[in-house]
file start-v3.txt (compact mmCIF, C-alpha atoms)
# COMPACT_ATOMS: atom_id res chain seq x y z
CA MET A 1 51.32 133.80 46.11
CA ASP A 2 48.21 135.87 46.92
CA ILE A 3 48.11 138.50 49.65
CA PHE A 4 46.28 136.22 52.10
CA THR A 5 48.85 133.45 51.79
CA LEU A 6 51.58 136.06 52.14
CA ALA A 7 49.92 137.59 55.21
CA GLU A 8 49.40 134.15 56.75
CA ALA A 9 53.03 133.18 56.13
CA ASN A 10 54.12 136.41 57.82
CA LEU A 11 51.71 136.19 60.74
CA ILE A 12 52.32 132.52 61.52
CA SER A 13 56.08 132.99 61.74
CA PRO A 14 57.98 132.68 65.04
CA PRO A 15 59.36 136.28 65.13
CA ILE A 16 55.91 137.85 64.65
CA LEU A 17 54.26 135.49 67.12
CA PHE A 18 56.92 136.28 69.73
CA PHE A 19 56.29 139.99 69.15
CA VAL A 20 52.57 139.41 69.71
CA LEU A 21 53.42 137.41 72.85
CA GLY A 22 55.39 140.41 74.13
CA LEU A 23 52.43 142.72 73.44
CA ILE A 24 50.04 140.36 75.26
CA ALA A 25 52.42 140.00 78.22
CA ALA A 26 52.57 143.81 78.47
CA PHE A 27 48.78 144.19 78.22
CA VAL A 28 48.10 141.60 80.96
CA ARG A 29 50.76 143.39 83.04
CA SER A 30 52.98 140.33 83.29
CA ASP A 31 56.34 140.80 85.02
CA LEU A 32 58.09 139.21 82.02
CA SER A 33 61.11 141.30 81.04
CA ILE A 34 64.36 141.02 79.12
CA PRO A 35 67.30 142.49 81.08
CA GLU A 36 68.33 145.84 79.64
CA ALA A 37 71.91 144.80 78.87
CA ILE A 38 70.74 141.65 77.04
CA ALA A 39 68.22 143.63 74.97
CA LYS A 40 71.02 146.04 74.02
CA ALA A 41 73.28 143.12 73.05
CA LEU A 42 70.52 141.53 70.94
CA SER A 43 70.01 144.82 69.13
CA LEU A 44 73.75 145.14 68.42
CA TYR A 45 73.90 141.54 67.17
CA LEU A 46 70.99 142.03 64.75
CA VAL A 47 72.36 145.30 63.34
CA MET A 48 75.80 143.73 62.97
CA ALA A 49 74.42 140.60 61.29
CA ILE A 50 72.20 142.46 58.83
CA GLY A 51 75.03 144.88 57.97
CA PHE A 52 77.55 142.07 57.47
CA LYS A 53 75.20 139.93 55.36
CA GLY A 54 74.32 142.91 53.17
CA GLY A 55 77.99 143.66 52.61
CA ALA A 56 78.80 140.01 51.84
CA GLU A 57 75.97 139.87 49.29
CA MET A 58 77.17 143.13 47.77
CA ALA A 59 80.63 141.56 47.29
CA VAL A 60 79.26 138.87 44.96
CA GLY A 61 76.87 141.16 43.07
CA ASP A 62 77.56 143.67 40.32
CA LEU A 63 78.38 147.18 41.40
CA ASN A 64 76.22 149.05 38.90
CA TRP A 65 74.06 152.13 38.51
CA SER A 66 71.11 150.51 40.27
CA VAL A 67 73.07 150.76 43.54
CA GLY A 68 73.44 154.52 43.13
CA GLY A 69 69.81 154.79 42.00
CA ALA A 70 68.58 152.92 45.06
CA ILE A 71 70.66 154.98 47.47
CA LEU A 72 69.54 158.21 45.77
CA SER A 73 65.90 157.03 46.01
CA GLY A 74 66.36 156.41 49.71
CA ILE A 75 67.92 159.84 50.30
CA VAL A 76 65.13 161.62 48.39
CA LEU A 77 62.44 159.70 50.28
CA SER A 78 64.05 160.36 53.61
CA ALA A 79 64.46 164.07 52.91
CA LEU A 80 60.94 164.68 51.58
CA LEU A 81 58.68 162.40 53.65
CA PRO A 82 58.98 164.58 56.79
CA VAL A 83 57.70 167.58 54.80
CA LEU A 84 54.66 165.58 53.68
CA GLY A 85 54.12 164.19 57.17
CA PHE A 86 54.38 167.66 58.73
CA GLY A 87 51.81 169.06 56.30
CA LEU A 88 49.39 166.17 56.90
CA LEU A 89 49.68 166.48 60.66
CA MET A 90 49.01 170.22 60.52
CA LEU A 91 46.00 169.63 58.26
CA THR A 92 44.42 166.62 59.94
CA THR A 93 45.28 166.86 63.66
CA LYS A 94 45.34 169.41 66.44
CA VAL A 95 48.96 168.84 67.45
CA GLY A 96 51.07 171.99 67.59
CA ARG A 97 53.75 172.89 65.04
CA ILE A 98 56.58 171.69 67.26
CA ASP A 99 55.03 168.30 67.98
CA ALA A 100 54.09 167.97 64.30
CA ALA A 101 57.71 168.64 63.30
CA ALA A 102 58.92 166.07 65.81
CA ILE A 103 56.46 163.39 64.68
CA ALA A 104 57.21 164.06 61.00
CA ALA A 105 60.90 163.64 61.69
CA HIS A 106 60.32 160.14 63.02
CA TYR A 107 58.42 159.17 59.86
CA GLY A 108 61.11 160.43 57.49
CA SER A 109 63.83 158.42 59.13
CA ILE A 110 63.78 154.62 59.28
CA SER A 111 63.32 151.84 61.79
CA ILE A 112 66.25 149.46 61.52
CA VAL A 113 64.32 146.80 63.46
CA THR A 114 61.47 146.94 60.92
CA PHE A 115 64.09 146.62 58.17
CA ILE A 116 65.62 143.58 59.89
CA ALA A 117 62.19 141.97 60.25
CA ALA A 118 61.40 142.77 56.59
CA SER A 119 64.75 141.31 55.46
CA ASP A 120 63.93 138.13 57.35
CA ALA A 121 60.44 138.00 55.80
CA ALA A 122 61.91 138.68 52.35
CA ARG A 123 64.27 135.71 52.65
CA PHE A 124 61.39 133.59 53.86
CA LEU A 125 59.39 134.63 50.78
CA GLU A 126 62.38 133.79 48.56
CA THR A 127 62.67 137.37 47.31
CA PRO A 128 65.58 138.48 49.51
CA GLY A 129 66.45 141.71 47.71
CA GLU A 130 69.90 143.07 47.01
CA GLY A 131 72.63 143.31 49.63
CA PHE A 132 73.04 147.02 48.94
CA MET A 133 69.66 147.70 50.56
CA VAL A 134 71.57 147.81 53.84
CA ALA A 135 73.47 150.82 52.46
CA VAL A 136 70.15 152.35 51.43
CA ALA A 137 68.85 151.88 54.99
CA ALA A 138 71.94 153.59 56.40
CA ALA A 139 71.64 156.43 53.86
CA MET A 140 68.03 157.06 54.88
CA GLU A 141 68.83 157.91 58.51
CA ALA A 142 70.43 161.33 58.14
CA PRO A 143 68.49 163.24 55.42
CA ALA A 144 65.25 162.98 57.40
CA ILE A 145 66.95 164.40 60.43
CA VAL A 146 68.34 167.33 58.43
CA THR A 147 64.85 168.06 57.06
CA ALA A 148 63.43 167.62 60.54
CA LEU A 149 65.89 170.14 61.94
CA ILE A 150 64.80 172.64 59.28
CA LEU A 151 61.14 171.95 60.13
CA ALA A 152 62.01 172.10 63.79
CA GLY A 153 63.88 175.37 63.29
CA SER A 154 60.91 176.99 61.58
CA ALA A 155 58.57 175.62 64.22
CA ALA A 156 60.81 176.86 67.03
CA ARG A 157 61.14 180.29 65.40
CA ALA A 158 57.37 180.42 65.03
CA SER A 159 56.88 179.59 68.70
CA ASN A 160 59.71 181.79 70.01
CA GLY A 161 58.89 184.89 67.99
CA GLY A 162 61.82 184.58 65.62
CA GLU A 163 64.32 183.14 68.05
CA GLY A 164 65.79 180.01 66.48
CA HIS A 165 68.29 177.57 67.86
CA ALA A 166 70.40 176.98 64.79
CA GLU A 167 73.54 176.97 66.91
CA SER A 168 72.73 173.48 68.13
CA ARG A 169 72.25 171.88 64.69
CA LEU A 170 75.90 171.13 64.00
CA SER A 171 76.44 169.45 67.34
CA VAL A 172 73.21 167.50 66.93
CA LEU A 173 74.32 166.27 63.49
CA LYS A 174 77.69 165.24 64.93
CA GLU A 175 75.92 163.23 67.62
CA ILE A 176 73.68 161.54 65.02
CA ALA A 177 76.68 160.60 62.87
CA ALA A 178 78.23 158.92 65.90
CA ASN A 179 75.02 157.01 66.78
CA GLY A 180 76.12 153.50 67.71
CA SER A 181 73.60 151.66 65.53
CA ILE A 182 74.54 153.65 62.41
CA VAL A 183 78.28 153.24 63.02
CA LEU A 184 77.85 149.48 63.53
CA LEU A 185 75.54 149.01 60.53
CA ILE A 186 77.87 150.83 58.13
CA GLY A 187 80.98 149.27 59.66
CA ALA A 188 79.61 145.71 59.49
CA PHE A 189 78.45 146.34 55.91
CA PHE A 190 81.96 147.34 54.81
CA ILE A 191 83.54 144.42 56.69
CA GLY A 192 81.10 142.05 54.94
CA TRP A 193 81.85 143.69 51.59
CA MET A 194 85.62 143.49 52.11
CA THR A 195 85.66 139.87 53.27
CA GLY A 196 82.96 138.62 50.85
CA PRO A 197 81.85 134.97 50.68
CA ARG A 198 84.97 133.72 52.52
CA GLY A 199 84.20 136.02 55.42
CA MET A 200 80.57 134.95 55.35
CA THR A 201 81.52 131.26 55.49
CA ALA A 202 83.80 131.93 58.45
CA VAL A 203 81.07 133.58 60.55
CA ALA A 204 77.95 131.86 59.16
CA PRO A 205 77.20 129.90 62.36
CA PHE A 206 77.03 133.21 64.26
CA PHE A 207 75.36 135.48 61.70
CA ASN A 208 73.11 132.96 59.90
CA ASP A 209 72.26 129.92 62.00
CA ILE A 210 71.08 131.65 65.16
CA PHE A 211 69.75 134.83 63.50
CA ARG A 212 66.05 133.95 63.57
CA GLY A 213 66.21 132.73 67.15
CA VAL A 214 67.83 135.99 68.28
CA LEU A 215 65.26 137.94 66.25
CA CYS A 216 62.49 136.10 68.12
CA LEU A 217 63.97 137.05 71.49
CA PHE A 218 64.49 140.67 70.41
CA LEU A 219 60.96 141.00 69.02
CA LEU A 220 59.59 139.56 72.27
CA ASP A 221 61.33 142.45 74.03
CA MET A 222 60.06 144.93 71.40
CA GLY A 223 56.52 143.67 72.02
CA LEU A 224 56.96 144.24 75.76
CA VAL A 225 58.40 147.73 75.22
CA ALA A 226 55.74 148.73 72.66
CA GLY A 227 52.90 147.36 74.79
CA ARG A 228 54.10 149.00 78.02
CA GLY A 229 54.68 152.29 76.18
CA LEU A 230 51.10 152.17 74.88
CA LEU A 231 49.71 151.35 78.33
CA ARG A 232 51.61 154.26 79.87
CA ASN A 233 50.97 156.92 77.24
CA TRP A 234 47.83 155.96 75.30
CA ARG A 235 46.04 159.04 76.63
CA VAL A 236 48.34 161.38 74.67
CA LEU A 237 47.36 159.76 71.36
CA LYS A 238 44.22 161.37 69.93
CA PRO A 239 42.30 159.58 67.12
CA GLY A 240 43.72 161.87 64.42
CA VAL A 241 47.28 161.15 65.53
CA ILE A 242 46.62 157.40 65.71
CA GLY A 243 45.17 157.63 62.19
CA PHE A 244 48.40 159.32 61.06
CA GLY A 245 50.39 156.42 62.54
CA LEU A 246 48.40 154.04 60.35
CA TYR A 247 48.05 155.93 57.05
CA MET A 248 51.48 157.59 56.96
CA PRO A 249 53.25 154.20 56.56
CA LEU A 250 51.02 153.48 53.56
CA ILE A 251 51.81 156.88 52.02
CA GLY A 252 55.51 156.30 52.68
CA ALA A 253 55.32 152.83 51.13
CA LEU A 254 53.63 154.22 48.01
CA ALA A 255 56.34 156.88 47.72
CA GLY A 256 58.90 154.10 48.12
CA LEU A 257 57.17 152.11 45.39
CA GLY A 258 57.35 155.02 42.97
CA THR A 259 60.98 155.90 43.58
CA GLY A 260 61.98 152.22 43.72
CA LEU A 261 60.39 151.56 40.33
CA LEU A 262 62.21 154.58 38.89
CA ALA A 263 65.46 153.12 40.27
CA GLY A 264 64.69 149.77 38.61
CA LEU A 265 64.71 147.67 41.78
CA ASP A 266 63.82 143.97 41.84
CA ALA A 267 60.79 142.73 43.83
CA GLY A 268 62.69 142.00 47.05
CA SER A 269 64.61 145.29 47.04
CA LEU A 270 61.42 147.17 46.17
CA GLY A 271 59.60 145.56 49.10
CA LEU A 272 62.49 146.52 51.38
CA LEU A 273 62.53 150.14 50.12
CA MET A 274 58.76 150.38 50.64
CA THR A 275 59.22 149.03 54.17
CA LEU A 276 61.99 151.53 54.90
CA ALA A 277 59.86 154.42 53.62
CA ALA A 278 56.90 153.16 55.67
CA SER A 279 58.83 152.75 58.90
CA ALA A 280 59.30 155.33 61.63
CA SER A 281 62.46 155.83 63.65
CA TYR A 282 62.46 155.31 67.38
CA ILE A 283 66.19 155.17 67.97
CA ALA A 284 68.22 157.85 66.14
CA VAL A 285 65.58 160.57 65.74
CA PRO A 286 64.22 160.66 69.32
CA ALA A 287 67.70 161.21 70.75
CA ALA A 288 68.47 163.94 68.19
CA LEU A 289 65.18 165.71 68.78
CA ARG A 290 65.56 165.76 72.54
CA LEU A 291 68.48 168.09 71.87
CA ALA A 292 67.27 169.98 68.80
CA LEU A 293 63.60 170.34 69.76
CA PRO A 294 63.23 169.69 73.49
CA GLU A 295 59.83 171.44 73.62
CA ALA A 296 58.31 168.56 71.65
CA ARG A 297 56.57 165.93 73.75
CA PRO A 298 58.42 162.63 73.21
CA ALA A 299 55.47 160.68 74.64
CA ILE A 300 53.46 161.44 71.47
CA SER A 301 56.06 160.75 68.78
CA LEU A 302 57.69 157.73 70.45
CA THR A 303 54.42 156.07 71.43
CA LEU A 304 53.07 156.61 67.92
CA ALA A 305 56.18 155.28 66.16
CA LEU A 306 56.74 152.33 68.48
CA GLY A 307 53.24 151.53 69.70
CA ILE A 308 51.19 152.05 66.52
CA THR A 309 53.32 152.16 63.37
CA PHE A 310 55.87 149.50 64.30
CA PRO A 311 53.28 146.78 65.10
CA PHE A 312 51.24 147.81 62.04
CA ASN A 313 54.23 147.44 59.74
CA LEU A 314 55.35 144.22 61.35
CA VAL A 315 51.99 142.47 61.24
CA ALA A 316 50.18 143.96 58.21
CA GLY A 317 52.50 146.35 56.39
CA ILE A 318 55.40 144.07 55.47
CA PRO A 319 53.27 141.36 53.74
CA LEU A 320 51.28 144.10 51.99
CA TYR A 321 54.39 145.90 50.72
CA PHE A 322 55.97 142.66 49.46
CA TRP A 323 52.72 141.59 47.81
CA ILE A 324 52.52 144.92 45.95
CA ALA A 325 56.24 144.77 45.07
CA ARG A 326 55.87 141.26 43.65
CA LEU A 327 52.73 142.25 41.78
CA VAL A 328 54.16 145.33 40.07
CA THR A 329 57.44 143.64 39.14
CA GLY A 330 55.64 140.56 37.82
CA THR A 331 57.41 138.28 40.30
CA GLY A 332 54.17 136.86 41.63
CA GLY A 333 50.91 137.92 43.12
CA MET B 1 85.67 165.83 112.68
CA GLN B 2 86.01 169.11 110.81
CA THR B 3 83.24 169.71 108.27
CA SER B 4 82.57 172.59 105.87
CA LEU B 5 79.44 174.08 104.35
CA LYS B 6 79.04 173.45 100.61
CA LYS B 7 76.18 173.41 98.14
CA ARG B 8 74.68 170.16 96.90
CA LEU B 9 73.46 170.48 93.32
CA GLU B 10 71.04 167.82 92.05
CA ILE B 11 69.90 167.94 88.43
CA ILE B 12 67.39 165.45 87.03
CA ILE B 13 67.74 165.56 83.27
CA GLU B 14 67.16 163.60 80.06
CA MET B 15 70.00 161.26 79.11
CA PRO B 16 70.71 162.85 75.67
CA ALA B 17 71.46 166.21 77.33
CA VAL B 18 74.02 164.79 79.78
CA PRO B 19 77.15 165.32 77.62
CA ARG B 20 76.23 168.99 77.21
CA LEU B 21 75.54 169.42 80.92
CA GLU B 22 78.87 167.81 81.79
CA SER B 23 80.61 170.22 79.41
CA VAL B 24 78.85 173.19 81.07
CA LEU B 25 79.79 171.98 84.57
CA GLU B 26 83.41 171.52 83.57
CA LYS B 27 83.61 174.99 81.98
CA ALA B 28 81.95 176.53 85.05
CA GLY B 29 84.73 175.15 87.23
CA VAL B 30 82.87 172.31 88.94
CA LYS B 31 85.54 169.88 90.06
CA GLY B 32 83.50 166.69 90.10
CA TRP B 33 80.07 165.17 89.72
CA THR B 34 78.31 161.80 89.60
CA VAL B 35 75.68 160.66 87.11
CA LEU B 36 73.10 158.26 88.58
CA PRO B 37 70.47 156.32 86.59
CA ALA B 38 66.84 157.06 87.46
CA LYS B 39 64.39 154.14 87.44
CA SER B 40 60.98 155.71 86.89
CA GLY B 41 58.94 158.77 87.73
CA ARG B 42 56.19 161.16 86.85
CA GLY B 43 56.25 164.83 85.95
CA LYS B 44 54.57 167.58 83.96
CA ASN B 45 54.94 165.56 80.74
CA GLY B 46 53.51 162.34 82.18
CA SER B 47 55.06 159.22 83.63
CA TRP B 48 58.20 157.53 82.41
CA ALA B 49 60.17 154.40 83.24
CA ARG B 50 63.68 153.29 82.38
CA GLU B 51 62.42 149.76 81.67
CA GLY B 52 60.02 150.76 78.91
CA GLN B 53 62.54 152.64 76.76
CA ILE B 54 64.19 151.20 73.70
CA THR B 55 66.91 153.84 73.58
CA GLU B 56 68.54 156.25 75.95
CA ALA B 57 66.48 159.11 74.49
CA GLY B 58 63.62 158.79 76.96
CA ARG B 59 65.71 157.88 79.99
CA MET B 60 66.34 160.22 82.89
CA VAL B 61 69.42 160.51 85.09
CA MET B 62 70.40 162.50 88.14
CA VAL B 63 73.61 164.51 88.05
CA LEU B 64 74.91 165.09 91.57
CA ALA B 65 77.60 167.66 92.34
CA VAL B 66 78.93 169.32 95.47
CA ILE B 67 80.21 172.83 94.80
CA ASP B 68 81.64 175.79 96.61
CA PRO B 69 78.99 178.42 97.54
CA ALA B 70 81.16 181.12 95.91
CA VAL B 71 80.64 179.66 92.42
CA LEU B 72 76.97 178.68 92.87
CA ASP B 73 75.46 181.64 90.99
CA THR B 74 77.82 181.23 88.03
CA VAL B 75 77.12 177.51 87.81
CA LEU B 76 73.34 177.99 88.07
CA GLU B 77 73.30 180.69 85.38
CA ARG B 78 75.14 178.43 82.93
CA VAL B 79 73.09 175.36 83.84
CA TYR B 80 69.87 177.35 83.41
CA ALA B 81 70.99 178.58 79.97
CA LEU B 82 71.35 174.93 78.93
CA LEU B 83 68.30 173.48 80.64
CA GLU B 84 65.88 176.32 79.87
CA ARG B 85 64.29 174.29 77.07
CA GLN B 86 64.87 170.76 78.38
CA ILE B 87 62.78 168.56 80.65
CA GLY B 88 64.49 168.60 84.04
CA ILE B 89 64.65 169.68 87.65
CA VAL B 90 67.45 171.61 89.38
CA MET B 91 67.72 171.49 93.18
CA VAL B 92 70.19 173.21 95.48
CA SER B 93 70.63 172.46 99.17
CA ASP B 94 73.16 173.00 101.93
CA VAL B 95 75.44 170.12 102.75
CA GLN B 96 78.30 169.52 105.18
CA VAL B 97 81.34 167.78 103.74
CA VAL B 98 84.68 166.54 104.97
CA ARG B 99 87.84 167.31 102.93
CA ALA B 100 86.48 170.70 101.76
CA GLU B 101 89.48 171.29 99.48
CA ARG B 102 88.10 168.72 97.06
CA PHE B 103 85.10 170.85 96.07
call {"tool": "encode", "arguments": {"input": "start-v3.txt", "output": "structure tokens"}}
result
Amino acid sequence: MDIFTLAEANLISPPILFFVLGLIAAFVRSDLSIPEAIAKALSLYLVMAIGFKGGAEMAVGDLNWSVGGAILSGIVLSALLPVLGFGLLMLTTKVGRIDAAAIAAHYGSISIVTFIAASDAARFLETPGEGFMVAVAAAMEAPAIVTALILAGSAARASNGGEGHAESRLSVLKEIAANGSIVLLIGAFFIGWMTGPRGMTAVAPFFNDIFRGVLCLFLLDMGLVAGRGLLRNWRVLKPGVIGFGLYMPLIGALAGLGTGLLAGLDAGSLGLLMTLAASASYIAVPAALRLALPEARPAISLTLALGITFPFNLVAGIPLYFWIARLVTGTGG
Amino acid sequence: MQTSLKKRLEIIIEMPAVPRLESVLEKAGVKGWTVLPAKSGRGKNGSWAREGQITEAGRMVMVLAVIDPAVLDTVLERVYALLERQIGIVMVSDVQVVRAERF
């Protein structure tokens, strides 16, 4: 399958088209909206389903060194990408050190929604990847935040004349560990792993049959949120920062490709790792940084992650990453 | 009806900082408070709206407390120490209340 066929298959799929519909509705200032509580429930359902399915697939697979290799790859990527992102932002944009640290933090951590969309695309492309990639996704949340706190600490010390705020790091890390999405993802993964195929059969109508429909509804809401965020805050995004939101995912994906190949991942898992490395967090990291680095302007980092990088990954990035992953592993291309 | 003079403390703050603020209020001896969701607004850092947020990170709330004037300075000092670096507004006004022993 060539890249154009792959891109077309991705673009002309209901979830992506509903996301685009949400964007258009936001741009034409439609009053279309998903009630907040329903959007929250949809998000919980998707995280729960993807965690459970990953665990159930893990139960029937071999527990071998490639699992450890993939998780280690994810941790290394998550820990080091913020350093690269911070350096690039300082070199190529005029954002201050604190905002650069905050933005870099978002790009080291992962977007679970992008991962869910990529998992759905991977199944559609018949290269679903290994179930343990859910564990890799979970493992990639925290290291980036630790690195970000170090970057944030140095940035804060630089701006405060040596006065750091290290005392808040432990409490921030505790709050991250208790983040609802992470707790649910890991919990559902272990429940899926423990119950295996029998558990999967028992809940398949809930976790499998309606999954894509729920994803469509959720991505419609994401399109609305991303579009309205862009409309509200586009003025804070300078061309250099927008450029970062477009090239940083590609750099992250290439780093994911390298580490994934070293870990010996199959095409589907490699595509998923590239997607994880390319994605930017807009759930766990923003909350943590509002406590650890409150001087940073959330309008820049959140609008960039959600309004630029998320749509880019969803529409163009995911087919590109899977095309490269299939090409380099000889699965197709 | 008998009323008493108290201080009404209104703090508009980011949602992620609320647990810390509640801890500060409790340690400062504030007997009660109410957290109210804020819908939308505009400030030094631009406009924001509850509707357009995917997480609680960008949401704002108002924490409303009625306190005894004798503890006002202590409470404000501790609240300021917490909110010095955060986005937020702190307002104090006089208020008449019934059942003064509750505050």
call {"tool": "residues_near_point", "arguments": {"input": "start-v3.txt", "point": "(69.5, 136.7, 49.0)", "cutoff": "12 Å", "atoms": "all atoms listed in the file", "output": "compact mmCIF listing (two decimals) with C-alpha atoms, in the coordinates of the input"}}
result
# COMPACT_ATOMS: atom_id res chain seq x y z
CA ILE A 50 72.20 142.46 58.83
CA LYS A 53 75.20 139.93 55.36
CA GLY A 54 74.32 142.91 53.17
CA GLY A 55 77.99 143.66 52.61
CA ALA A 56 78.80 140.01 51.84
CA GLU A 57 75.97 139.87 49.29
CA MET A 58 77.17 143.13 47.77
CA VAL A 60 79.26 138.87 44.96
CA GLY A 61 76.87 141.16 43.07
CA SER A 119 64.75 141.31 55.46
CA ASP A 120 63.93 138.13 57.35
CA ALA A 121 60.44 138.00 55.80
CA ALA A 122 61.91 138.68 52.35
CA ARG A 123 64.27 135.71 52.65
CA PHE A 124 61.39 133.59 53.86
CA LEU A 125 59.39 134.63 50.78
CA GLU A 126 62.38 133.79 48.56
CA THR A 127 62.67 137.37 47.31
CA PRO A 128 65.58 138.48 49.51
CA GLY A 129 66.45 141.71 47.71
CA GLU A 130 69.90 143.07 47.01
CA GLY A 131 72.63 143.31 49.63
CA PHE A 132 73.04 147.02 48.94
CA MET A 133 69.66 147.70 50.56
CA ASP A 266 63.82 143.97 41.84
CA ALA A 267 60.79 142.73 43.83
CA GLY A 268 62.69 142.00 47.05
CA SER A 269 64.61 145.29 47.04
call {"tool": "interface_residues", "arguments": {"input": "start-v3.txt", "of": "chain B", "to": "chain A", "cutoff": "12 Å", "atoms": "all atoms listed in the file", "output": "NGL selection string"}}
result
:B and (13-21 or 40-42 or 44-60 or 82-88)
call {"tool": "residues_near_point", "arguments": {"input": "start-v3.txt", "point": "(76.9, 166.6, 85.6)", "cutoff": "12 Å", "atoms": "all atoms listed in the file", "output": "JSON, numbers by chain"}}
result
{"B": [9, 10, 11, 12, 13, 14, 15, 17, 18, 19, 20, 21, 22, 23, 24, 25, 26, 27, 28, 29, 30, 31, 32, 33, 34, 35, 36, 61, 62, 63, 64, 65, 66, 67, 75, 79, 90]}
call {"tool": "atom_distance", "arguments": {"input": "start-v3.txt", "atom1": "CA of Ala59 (chain A)", "atom2": "CA of Leu72 (chain A)"}}
result
20.1 Å
call {"tool": "atom_distance", "arguments": {"input": "start-v3.txt", "atom1": "CA of Leu77 (chain A)", "atom2": "CA of Ala105 (chain A)"}}
result
12.2 Å
call {"tool": "atom_distance", "arguments": {"input": "start-v3.txt", "atom1": "CA of Gly74 (chain A)", "atom2": "CA of Ile210 (chain A)"}}
result
29.6 Å
call {"tool": "closest_residue", "arguments": {"input": "start-v3.txt", "among": "A:Val47, A:Leu304, A:Val203, A:Leu184", "to": "Gly240 (chain A)", "atoms": "all atoms listed in the file"}}
result
A:Leu304
call {"tool": "closest_residue", "arguments": {"input": "start-v3.txt", "among": "A:Pro311, A:Gly243, A:Gly256, A:Gly85", "to": "Ala70 (chain A)", "atoms": "only C-alpha atoms"}}
result
A:Gly256
call {"tool": "closest_residue", "arguments": {"input": "start-v3.txt", "among": "A:Ile300, A:Ala278, A:Leu21, A:Val136", "to": "Trp234 (chain A)", "atoms": "all atoms listed in the file"}}
result
A:Ile300
call {"tool": "closest_residue", "arguments": {"input": "start-v3.txt", "among": "A:Gly68, A:Pro205, A:Gly245, A:Gly199", "to": "Gly307 (chain A)", "atoms": "all atoms listed in the file"}}
result
A:Gly245
call {"tool": "closest_residue", "arguments": {"input": "start-v3.txt", "among": "A:Gly108, A:Pro249, A:Gly213, A:Gly69", "to": "Met274 (chain A)", "atoms": "all atoms listed in the file"}}
result
A:Pro249
call {"tool": "closest_residue", "arguments": {"input": "start-v3.txt", "among": "B:Ile89, B:Leu76, B:Asp68, B:Gly43", "to": "Leu5 (chain B)", "atoms": "all atoms listed in the file"}}
result
B:Asp68
call {"tool": "build_atoms", "arguments": {"input": "start-v3.txt", "residues": "region 89-100 of chain A", "atoms": "N, CA and C atoms", "output": "PDB file, keeping the file's coordinate frame"}}
result
ATOM      1  N   LEU A  89      49.982 166.332  59.231  1.00  0.00           N
ATOM      2  CA  LEU A  89      49.680 166.480  60.660  1.00  0.00           C
ATOM      3  C   LEU A  89      49.046 167.836  60.948  1.00  0.00           C
ATOM      4  N   MET A  90      49.563 168.881  60.301  1.00  0.00           N
ATOM      5  CA  MET A  90      49.010 170.220  60.520  1.00  0.00           C
ATOM      6  C   MET A  90      47.585 170.309  59.972  1.00  0.00           C
ATOM      7  N   LEU A  91      47.327 169.576  58.885  1.00  0.00           N
ATOM      8  CA  LEU A  91      46.000 169.630  58.260  1.00  0.00           C
ATOM      9  C   LEU A  91      44.967 168.762  58.982  1.00  0.00           C
ATOM     10  N   THR A  92      45.410 167.613  59.472  1.00  0.00           N
ATOM     11  CA  THR A  92      44.420 166.620  59.940  1.00  0.00           C
ATOM     12  C   THR A  92      44.366 166.442  61.455  1.00  0.00           C
ATOM     13  N   THR A  93      45.296 167.042  62.200  1.00  0.00           N
ATOM     14  CA  THR A  93      45.280 166.860  63.660  1.00  0.00           C
ATOM     15  C   THR A  93      45.377 168.216  64.362  1.00  0.00           C
ATOM     16  N   LYS A  94      45.257 168.171  65.667  1.00  0.00           N
ATOM     17  CA  LYS A  94      45.340 169.410  66.440  1.00  0.00           C
ATOM     18  C   LYS A  94      46.683 169.550  67.158  1.00  0.00           C
ATOM     19  N   VAL A  95      47.653 168.705  66.794  1.00  0.00           N
ATOM     20  CA  VAL A  95      48.960 168.840  67.450  1.00  0.00           C
ATOM     21  C   VAL A  95      49.606 170.153  67.018  1.00  0.00           C
ATOM     22  N   GLY A  96      50.392 170.735  67.897  1.00  0.00           N
ATOM     23  CA  GLY A  96      51.070 171.990  67.590  1.00  0.00           C
ATOM     24  C   GLY A  96      52.173 171.804  66.569  1.00  0.00           C
ATOM     25  N   ARG A  97      52.709 172.932  66.092  1.00  0.00           N
ATOM     26  CA  ARG A  97      53.750 172.890  65.040  1.00  0.00           C
ATOM     27  C   ARG A  97      54.984 172.122  65.518  1.00  0.00           C
ATOM     28  N   ILE A  98      55.345 172.338  66.769  1.00  0.00           N
ATOM     29  CA  ILE A  98      56.580 171.690  67.260  1.00  0.00           C
ATOM     30  C   ILE A  98      56.409 170.182  67.354  1.00  0.00           C
ATOM     31  N   ASP A  99      55.276 169.752  67.906  1.00  0.00           N
ATOM     32  CA  ASP A  99      55.030 168.300  67.980  1.00  0.00           C
ATOM     33  C   ASP A  99      54.873 167.706  66.580  1.00  0.00           C
ATOM     34  N   ALA A 100      54.248 168.468  65.671  1.00  0.00           N
ATOM     35  CA  ALA A 100      54.090 167.970  64.300  1.00  0.00           C
ATOM     36  C   ALA A 100      55.457 167.783  63.639  1.00  0.00           C
TER      37      ALA A 100
END
